[in-house]
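Structure, as structure tokens:
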Amino acid sequence: MADLVYKSRVKELISDKGLLCDSDLPAAAGDKLAALLDEAAKRAQANGRKTVRPEDL
């Protein structure tokens, strides 16, 4: 699976909260995002659509 999140953006978001970012966090966030998008795609297909919409999330 391709990287879905930018490591620098994840680290920046965490850093802005005054926290440190584990080196594995961006990959884990990407995995979570991929799972979320897979479920959204399944919902769109179940509703007879080829377009995934925000409400599918």
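So you can find residues: chains in the structure tokens are A, B, ... in the order shown, residues in each start at 1, and ligands are numbered from 1 in order.
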
Residue contacts of Ser23 in chain A (12 Å, only C-alpha atoms) excluding same-chain residues fewer than 2 positions away, as JSON, numbers by chain:
{"A": [7, 8, 10, 11, 14, 20, 21, 25, 26, 27, 28, 29]}

- [ ] Name the residues of chain A that come out as helix (DSSP H, G or I) in a backbone DSSP run; write them as a PyMOL selection string.
- [x] chain A and resi 7-15+25-46+54-56

Checklist entry - Skipping near chain neighbours, those fewer than 5 positions away, what residues fall within 10 Å of Glu55 in chain A using only C-alpha atoms, listed as a ChimeraX atom specification? => result /A:40,43-44

Residue selection dump (N, CA and C atoms) as an mmCIF file, in the first residue's frame:
```cif
data_model
loop_
_atom_site.group_PDB
_atom_site.id
_atom_site.type_symbol
_atom_site.label_atom_id
_atom_site.label_comp_id
_atom_site.auth_asym_id
_atom_site.auth_seq_id
_atom_site.Cartn_x
_atom_site.Cartn_y
_atom_site.Cartn_z
ATOM 1 N N ALA A 40 -15.367 2.908 3.601
ATOM 2 C CA ALA A 40 -16.166 3.907 2.884
ATOM 3 C C ALA A 40 -16.468 3.427 1.468
ATOM 4 N N ARG A 43 -19.166 0.807 1.557
ATOM 5 C CA ARG A 43 -20.485 1.407 1.812
ATOM 6 C C ARG A 43 -21.036 2.023 0.536
ATOM 7 N N ALA A 44 -20.186 2.718 -0.210
ATOM 8 C CA ALA A 44 -20.634 3.316 -1.475
ATOM 9 C C ALA A 44 -21.109 2.228 -2.433
#
```

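What separates CA of Leu4 in chain A from CA of Gln45 in chain A is a distance of 21.8 Å.
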
Leu37 in chain A: which residues within 12 Å, counting only C-alpha atoms, same-chain residues fewer than 3 positions away excluded, as a PDB file with C-alpha atoms, in the first residue's frame?
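To be explicit, this is the file written out as selection-v6.pdb:
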```pdb
ATOM      1  CA  LEU A   4      -1.257   7.854   2.503  1.00  0.00           C
ATOM      2  CA  GLY A  30      -1.714   5.562   7.135  1.00  0.00           C
ATOM      3  CA  ASP A  31      -2.915   2.038   7.912  1.00  0.00           C
ATOM      4  CA  LYS A  32      -5.854   3.414   9.884  1.00  0.00           C
ATOM      5  CA  LEU A  33      -6.722   5.793   7.028  1.00  0.00           C
ATOM      6  CA  ALA A  34      -6.540   2.959   4.479  1.00  0.00           C
ATOM      7  CA  ALA A  40     -16.166   3.907   2.884  1.00  0.00           C
ATOM      8  CA  ALA A  41     -15.697   2.297  -0.536  1.00  0.00           C
ATOM      9  CA  LYS A  42     -17.639  -0.783   0.565  1.00  0.00           C
ATOM     10  CA  ARG A  43     -20.485   1.407   1.812  1.00  0.00           C
ATOM     11  CA  ALA A  44     -20.634   3.316  -1.475  1.00  0.00           C
ATOM     12  CA  VAL A  52     -17.317   7.589  -2.397  1.00  0.00           C
ATOM     13  CA  ARG A  53     -18.804  10.532  -0.494  1.00  0.00           C
ATOM     14  CA  PRO A  54     -17.910  12.101   2.851  1.00  0.00           C
ATOM     15  CA  GLU A  55     -20.985  10.544   4.450  1.00  0.00           C
ATOM     16  CA  ASP A  56     -19.540   7.104   3.641  1.00  0.00           C
ATOM     17  CA  LEU A  57     -16.880   7.740   6.250  1.00  0.00           C
TER      18      LEU A  57
END
```

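Here CA of Asp3 in chain A and CA of Leu36 in chain A stand 14.4 Å from one another.
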
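Counting from CA of Thr51 in chain A, the distance to CA of Glu39 in chain A is 13.1 Å.
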